[in-house]
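All remarks here apply to the structure that follows.
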Amino acid sequence: MKADDVKTFTLKNGMKFLVIEDNSIPNANMYMFYKVGSRNEYQGITGLSHFFEHMMFNGAKKYGPKMFDQTMEFNGGANNAYTTENVTVYTNWFPSSATEVIFDLEGDRISSLSIDPKMVESERGVVISERSTGLENSPWNVLFQTAQGVAFLEHPYHWPVIGYLDDMKNWKQADLERYFKTYYAPNNCVTVISGNVKFDEVKKLAEKYIEPIPAQAAPPKVNIVEPPQNGERRVVMQKDVATPYIGIGWHVPEAKHEDYYALTLLSDILTSGRSSRLYSSLVDKKQLATNIFANFGESFDPTLFNIAGVTAKNISELDLEKAIYEELDKIKKDGVTDNELQKVKNQKLMEFYGQVETINGKSNNIGTYEVFFGDYRKMFDAPAAFNKVTSDDIKKVVTKYFTKSNRTVGILKSNTEE
Amino acid sequence: MQRIFYILAICLFTGISLNAQSYKLPPYEKFKLKNGLTVYLMEQHEVPIISVSVILPAGAIYDGEKSGLALLTSFALKHGTKNFNKQKLDEELDFLGASIGTSSSKESASLSARMATKDKDKVLNMLKEVLLEPTFDAGEFEKEKKRWLVTLEQQKESPRSVIGSYFDKFLYGDHVYGNIGSGKISTVTPLTVDDVKKFYAENYLPEGAAISIAGDFKMAEMKTTVTNLFSEWKKGTKPQVNLASKPITKPGKQQVLLINKDDAKETTFYIGAPGISRNNPDYVSIDVINTLFGGRFTSMLNDELRVNTGLTYGANSRFAALKNGGSFVISTFTAGKTTEPAIDKALEVLDKLHKDGIDEKSLASAKNYVKGQFPPRYETAGQLANLMTQMFWYNFDESFINNFEKNVDGLTLDKAKEIIAKYFPKDKLQFVLVGKSADIKKIAEKYGPVTEVQIKEEVKKAF
């Protein structure tokens, strides 16, 4: 697959379409990326972006309550959706013969969603259950929500995507209506379609079902910039767990920043595979942790690079924490080896093949690059961009961002009194 | 935050494509080596990748008293081989961006591998050593065991992670399908590398195993490669006994297993009964009906428990079909204080399925849905390799896939009625609840005699 395989057009109302013809299976998909997430919220309406994602399935003018899902499934299609701090993404998977039905369904809800107060109440119960089951089944939810709230004191990455429970109980009809008008405008959305479709037909359907929907004024900018952190922050949480969990986050730049590629490779050097630095040293050789992982993803605003692990039996989480810093210090001092760098570049290439092996991988990745990097063609430039990263670049980003003053440490354990 | 969990369908491979272009399985070749190993090969050239899947009769049903042994044996395959110690194996695979995975489930152990085409000789050779020439290093095994013991403790932090084991033990009782694959702290603690070596010698044998390779290679060349690599694998000296073939005793009465978790804010529950084996002739029809009942977003269960009442984020049902039997469960969770309405609703929906049945329109919808969602399940080399080992394991061939559309379409309303009456339970339901006993025990008693256990204790031998 190459950049020329992606064909694009933009409707008069501003919605951009990216189309990849691929007839390897008789199916297609439609991924719609709306540029709205919890970063567009403020205290009092936290969690509203995610709740809105749910409400998008609860009825519009032509297809009333339940009919979106019923119609889609009757036509052989399935769907899901997800919300992050940055975006809300709707995913439809269907036999390509149902393409027009999918356009009709999407056009209906984007043009004329109806927000029925009765549906709002039952859906409120659903997302409160979603929040609760996340906390019930994973200590990581508790840890990351709290630590992120401490790392970001002013910027809206401060609150969890799911929202605060008291805000969840109090979202108002007017907030929902304003949200729809502001953020669900066609000019705030990028749509990607891959599969057994023809570009010309997709364009015709888009003109018929989506183009009549009027554009809206651009959504308000998120103005808040998180002030630089100038001292380590620590937060401890109690939960009945076998051994302590630890998560450390450092402030790092957004996806468009030039350091993105070095930071991504650093993440792999640290924790991708059993030969990675942190796994081989902390899990295997020193046996301080039972598992360890790093997390750094695409974002619009400066974000966190997280390293997280679970402490082994009878090991202090402070010893694990110290050992993580020692590994980072080694890179600050000596950089990484050529062999290591080549390894993660090879891994990136295999990852790329995996992403373009399915029509869903294609849509998801092309959409991600278009939205977060401003141009889907960056996806095809990525292998070269990764190849350019040197050992010195890795050393530089570790020295620049992985300082004591720039980190937030979250610890979750049973006994928080000791 | 995601709108729905990925709902587990009846099994991996159901449905077929809709309308004109029906999905046909790409051509493949199947042959047997002299030692009995069955080989499946399928060329796929979309990306320069090769995927491998291996299946062996070495799952938890062979654990005996040493619960967890099959699983730890599968992990230990990667602790070093004849020519690669563990570190070298990890480093070489990671450097190539390749992977070799090993795991075990209830009935079988499995290996998987993924590699770039240009690295196929290197990685296939490593896979062969992992499978045929593991050295089972004692030091590495102790480290692995220590980590796994912590994992077992951690699983008790998540009701969702443990409820399945409790349910299977409750449903299958003494039958080996009740064996707990992840093991228990008391049974994993004494395991040694000698246990692993013995388990390997008795169960990792070519005559009951299959290897499937799909991806970017040339058929003739790969045939030679596979034959050269795996012909030296020695047959076993005595036939392996199929422990799962013993009859499964069905529960005689409706009953409740309550697992107390003091800090639970939710109740996570299964309502279940005996199900079907994978070779059931009505397998496809059952899947279509289950899709309607609890296998998709608009299913009767999810519609009532999530959409209409907001009691939960998700409710579903599924048949887990094994070689000699299986289970059926309704699975959901709700806030502790809504435990009773949620269980009652679930039972009401099951009752409605029996009383009102289904109509023409919903049957048509379910058929379209299973057909429409089918092709993406066989899109990648990895998925196709896995499909072929499943064909081997459950003894079916491409006709299952190529005739699927016909079979789905052949389901009539009358047949649907029979399927519901025959396979969807009405009585003697088995309830497993994980929650705070102090708040929900009275409620649990409504549904049958209650056996209460503590989540922090071990799963008992029998309830």
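Numbering starts fresh at 1 for the residues of each chain in the structure tokens, the chains themselves are lettered A, B, ... in the order given, and ligands are numbered from 1 as they appear.
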
Can you check which residues of chain B have any atom within 6 Å of chain A? Use only C-alpha atoms and format it as a PDB file with C-alpha atoms, in the first residue's frame.
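Final output, saved to out.pdb:
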```pdb
ATOM      1  CA  MET B   1     -13.895   4.715  26.864  1.00  0.00           C
ATOM      2  CA  GLN B   2     -15.652   2.550  24.421  1.00  0.00           C
ATOM      3  CA  ARG B   3     -19.291   2.167  23.624  1.00  0.00           C
ATOM      4  CA  ASP B  90      14.322 -13.230  22.956  1.00  0.00           C
ATOM      5  CA  GLU B  91      16.968 -11.026  21.369  1.00  0.00           C
ATOM      6  CA  PHE B  95      15.577  -7.946  16.459  1.00  0.00           C
ATOM      7  CA  GLY B  97      10.357  -7.862  14.735  1.00  0.00           C
ATOM      8  CA  ARG B 147       5.565 -14.171  38.405  1.00  0.00           C
ATOM      9  CA  GLU B 153      -3.329 -13.316  43.226  1.00  0.00           C
ATOM     10  CA  GLN B 154      -3.969 -10.315  41.004  1.00  0.00           C
ATOM     11  CA  SER B 158     -10.976  -8.471  39.011  1.00  0.00           C
ATOM     12  CA  THR B 309     -33.275  -0.085  31.703  1.00  0.00           C
ATOM     13  CA  GLY B 310     -29.694   1.211  31.938  1.00  0.00           C
ATOM     14  CA  THR B 312     -25.595  -2.383  32.895  1.00  0.00           C
ATOM     15  CA  TYR B 313     -23.013  -1.354  30.333  1.00  0.00           C
ATOM     16  CA  SER B 365     -31.811  -9.635  10.607  1.00  0.00           C
ATOM     17  CA  ASN B 368     -27.811 -10.951   7.551  1.00  0.00           C
ATOM     18  CA  TYR B 369     -25.723 -10.011  10.533  1.00  0.00           C
ATOM     19  CA  GLY B 372     -22.149  -9.724   6.938  1.00  0.00           C
TER      20      GLY B 372
END
```

Per DSSP on the backbone, filter range 360-398 of chain A down to the residues in alpha helix (DSSP H) and report them as an NGL selection string.
:A and (360-372 or 377-388 or 391-398)

Give me a file of those residues, with C-alpha atoms, as a PDB file, in the first residue's frame.
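The resulting file, out.pdb, is reproduced below:
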```
ATOM      1  CA  ASN A 360      -9.848  -1.683   9.529  1.00  0.00           C
ATOM      2  CA  GLY A 361      -6.154  -1.142  10.204  1.00  0.00           C
ATOM      3  CA  LYS A 362      -5.930   0.964   7.068  1.00  0.00           C
ATOM      4  CA  SER A 363      -8.831   3.225   8.016  1.00  0.00           C
ATOM      5  CA  ASN A 364      -7.755   3.598  11.589  1.00  0.00           C
ATOM      6  CA  ASN A 365      -4.174   4.529  10.762  1.00  0.00           C
ATOM      7  CA  ILE A 366      -4.871   6.792   7.866  1.00  0.00           C
ATOM      8  CA  GLY A 367      -7.460   8.636   9.939  1.00  0.00           C
ATOM      9  CA  THR A 368      -5.085   8.931  12.890  1.00  0.00           C
ATOM     10  CA  TYR A 369      -2.337  10.468  10.745  1.00  0.00           C
ATOM     11  CA  GLU A 370      -4.745  12.868   9.042  1.00  0.00           C
ATOM     12  CA  VAL A 371      -6.183  14.055  12.334  1.00  0.00           C
ATOM     13  CA  PHE A 372      -3.138  14.142  14.616  1.00  0.00           C
ATOM     14  CA  ARG A 377       0.625  11.189   3.809  1.00  0.00           C
ATOM     15  CA  LYS A 378       2.684  11.388   7.010  1.00  0.00           C
ATOM     16  CA  MET A 379       1.760   7.752   7.589  1.00  0.00           C
ATOM     17  CA  PHE A 380       3.726   6.802   4.488  1.00  0.00           C
ATOM     18  CA  ASP A 381       6.605   9.057   5.508  1.00  0.00           C
ATOM     19  CA  ALA A 382       6.722   7.521   8.976  1.00  0.00           C
ATOM     20  CA  PRO A 383       9.074   4.615   8.165  1.00  0.00           C
ATOM     21  CA  ALA A 384      11.620   7.113   6.801  1.00  0.00           C
ATOM     22  CA  ALA A 385      11.108   9.424   9.776  1.00  0.00           C
ATOM     23  CA  PHE A 386      11.753   6.541  12.162  1.00  0.00           C
ATOM     24  CA  ASN A 387      14.786   5.500  10.159  1.00  0.00           C
ATOM     25  CA  LYS A 388      16.329   8.933  10.584  1.00  0.00           C
ATOM     26  CA  SER A 391      21.150   7.135  19.136  1.00  0.00           C
ATOM     27  CA  ASP A 392      21.973  10.727  19.920  1.00  0.00           C
ATOM     28  CA  ASP A 393      18.349  11.780  19.318  1.00  0.00           C
ATOM     29  CA  ILE A 394      17.176   9.172  21.834  1.00  0.00           C
ATOM     30  CA  LYS A 395      19.749  10.359  24.351  1.00  0.00           C
ATOM     31  CA  LYS A 396      18.642  13.947  23.800  1.00  0.00           C
ATOM     32  CA  VAL A 397      14.939  13.309  24.454  1.00  0.00           C
ATOM     33  CA  VAL A 398      15.661  11.282  27.578  1.00  0.00           C
TER      34      VAL A 398
END
```

Could you pull the residues within 12 Å of Lys286 in chain A, counting only C-alpha atoms, minus those fewer than 5 positions along the same chain, as an MDAnalysis selection string?
(chainID A and resid 277:281 311:312 315 319:320 323:324) or (chainID B and resid 143)

Interatomic distance between CA of Pro425 in chain B and CA of Gly357 in chain B?
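Atom-to-atom, CA of Pro425 in chain B and CA of Gly357 in chain B are spaced 13.6 Å apart.
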
Would you mind telling me which residue in B:Asn228, B:Gln373, B:Phe463, B:Phe328 lies nearest to Asn29 in chain A when using only C-alpha atoms?
B:Gln373

Counting only C-alpha atoms, figure out which residue out of B:Lys367, B:Arg278, B:Lys66, B:His79 gets nearest to Asp195 in chain B.
B:Lys66

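What separates CA of Phe31 in chain B from CA of Ala60 in chain B is a distance of 27.8 Å.
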
DSSP on the backbone, strand (DSSP E) only: what residues of range 141-374 of chain B does that give? Format it as a PyMOL selection string.
chain B and resi 210-215+255-260+266-274+315-321+326-335

Might you pull out every residue within 9 Å of Leu350 in chain B, with only C-alpha atoms counted and same-chain residues fewer than 3 positions away left off, and present them as a PDB file with C-alpha atoms, in the first residue's frame?
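New file around-v2.pdb:
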```pdb
ATOM      1  CA  PHE B 293     -30.748 -13.617  22.015  1.00  0.00           C
ATOM      2  CA  MET B 300     -32.825  -9.297  23.392  1.00  0.00           C
ATOM      3  CA  LEU B 301     -30.556  -9.333  26.437  1.00  0.00           C
ATOM      4  CA  LYS B 345     -34.617  -9.137  33.875  1.00  0.00           C
ATOM      5  CA  ALA B 346     -32.144 -11.665  32.488  1.00  0.00           C
ATOM      6  CA  LEU B 347     -34.451 -14.521  33.491  1.00  0.00           C
ATOM      7  CA  LEU B 353     -37.415 -16.405  24.203  1.00  0.00           C
ATOM      8  CA  HIS B 354     -39.198 -19.640  25.106  1.00  0.00           C
ATOM      9  CA  LYS B 355     -42.692 -18.156  25.344  1.00  0.00           C
ATOM     10  CA  PHE B 424     -31.623 -22.859  25.314  1.00  0.00           C
ATOM     11  CA  PRO B 425     -32.073 -23.851  28.949  1.00  0.00           C
ATOM     12  CA  LYS B 426     -35.355 -23.437  30.769  1.00  0.00           C
TER      13      LYS B 426
END
```

So that I can check the surroundings of range 298-300 of chain A, please list as a PyMOL selection string every protein, DNA and RNA residue that reaches within 10 Å of it, counting only C-alpha atoms and ignoring chain neighbours fewer than 3 positions away.
chain A and resi 35+39+84-87+253-257+260+264+303-304+368-369+371-373

Mind writing the picked residues with N, CA and C atoms as a compact mmCIF listing (two decimals), in the first residue's frame?
```
# COMPACT_ATOMS: atom_id res chain seq x y z
N LYS A 35 -13.26 15.86 15.90
CA LYS A 35 -12.22 16.47 16.75
C LYS A 35 -12.86 17.04 18.01
N ARG A 39 -10.78 17.04 26.28
CA ARG A 39 -10.05 18.31 26.35
C ARG A 39 -10.94 19.50 26.01
N THR A 84 -11.61 9.65 23.42
CA THR A 84 -10.37 9.85 24.16
C THR A 84 -10.33 11.31 24.63
N GLU A 85 -9.21 11.72 25.17
CA GLU A 85 -9.05 13.13 25.55
C GLU A 85 -9.18 14.03 24.33
N ASN A 86 -8.83 13.49 23.14
CA ASN A 86 -8.70 14.34 21.96
C ASN A 86 -9.80 14.19 20.91
N VAL A 87 -10.24 12.97 20.71
CA VAL A 87 -11.18 12.72 19.61
C VAL A 87 -12.31 11.77 20.01
N PRO A 253 5.91 16.47 24.48
CA PRO A 253 5.12 17.23 23.52
C PRO A 253 4.05 16.42 22.78
N GLU A 254 3.24 17.14 22.02
CA GLU A 254 2.14 16.59 21.23
C GLU A 254 2.69 15.91 19.97
N ALA A 255 1.80 15.24 19.23
CA ALA A 255 2.21 14.41 18.09
C ALA A 255 2.94 15.20 16.99
N LYS A 256 2.57 16.46 16.79
CA LYS A 256 3.17 17.20 15.67
C LYS A 256 4.60 17.65 15.96
N HIS A 257 5.03 17.51 17.19
CA HIS A 257 6.38 17.97 17.58
C HIS A 257 7.45 17.06 16.97
N TYR A 260 8.48 13.56 18.42
CA TYR A 260 7.53 12.44 18.45
C TYR A 260 8.19 11.11 18.05
N THR A 264 8.72 7.83 20.40
CA THR A 264 8.04 6.58 20.08
C THR A 264 9.03 5.42 20.07
N THR A 303 1.45 16.00 26.22
CA THR A 303 0.84 14.86 26.91
C THR A 303 1.83 14.25 27.89
N LEU A 304 1.57 12.99 28.30
CA LEU A 304 2.47 12.30 29.22
C LEU A 304 3.09 11.09 28.53
N THR A 368 -5.90 8.42 11.79
CA THR A 368 -5.08 8.93 12.89
C THR A 368 -4.03 9.91 12.38
N TYR A 369 -3.36 9.56 11.28
CA TYR A 369 -2.34 10.47 10.74
C TYR A 369 -2.96 11.76 10.22
N VAL A 371 -5.67 13.23 11.26
CA VAL A 371 -6.18 14.05 12.33
C VAL A 371 -5.06 14.58 13.24
N PHE A 372 -4.14 13.72 13.63
CA PHE A 372 -3.14 14.14 14.62
C PHE A 372 -1.89 14.77 14.00
N PHE A 373 -1.58 14.40 12.77
CA PHE A 373 -0.37 14.94 12.13
C PHE A 373 -0.73 15.91 11.02
```

Hey, what's within 12 Å of Asn188 in chain A if we count only C-alpha atoms and toss same-chain stuff fewer than 6 positions away? As a list in words, please?
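So the residues in contact are Asn13, Gly14, Met15, Lys16, Met32, Phe33, Tyr34, Lys35, Val36, Gly37, Val87, Thr88, Val89, Ile110, Phe180, Lys181, Thr182, Pro214, Ala215, Gln216, Ala217, Ala218, Pro219, Pro220 and Val371 of chain A.
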
Env of Ala201 in chain B: 12 Å cut, atoms = only C-alpha atoms, seq-sep filter 2 positions within chain, self excluded. Answer as a count of residues only.
25

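Across A:Lys61, A:Val236, A:Glu226, A:His155, the tightest approach to Glu418 in chain A is made by A:Val236 when counting only C-alpha atoms.
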
CA of Ile193 in chain A to CA of Phe297 in chain B, distance in Å rounded to a single decimal
22.4 Å
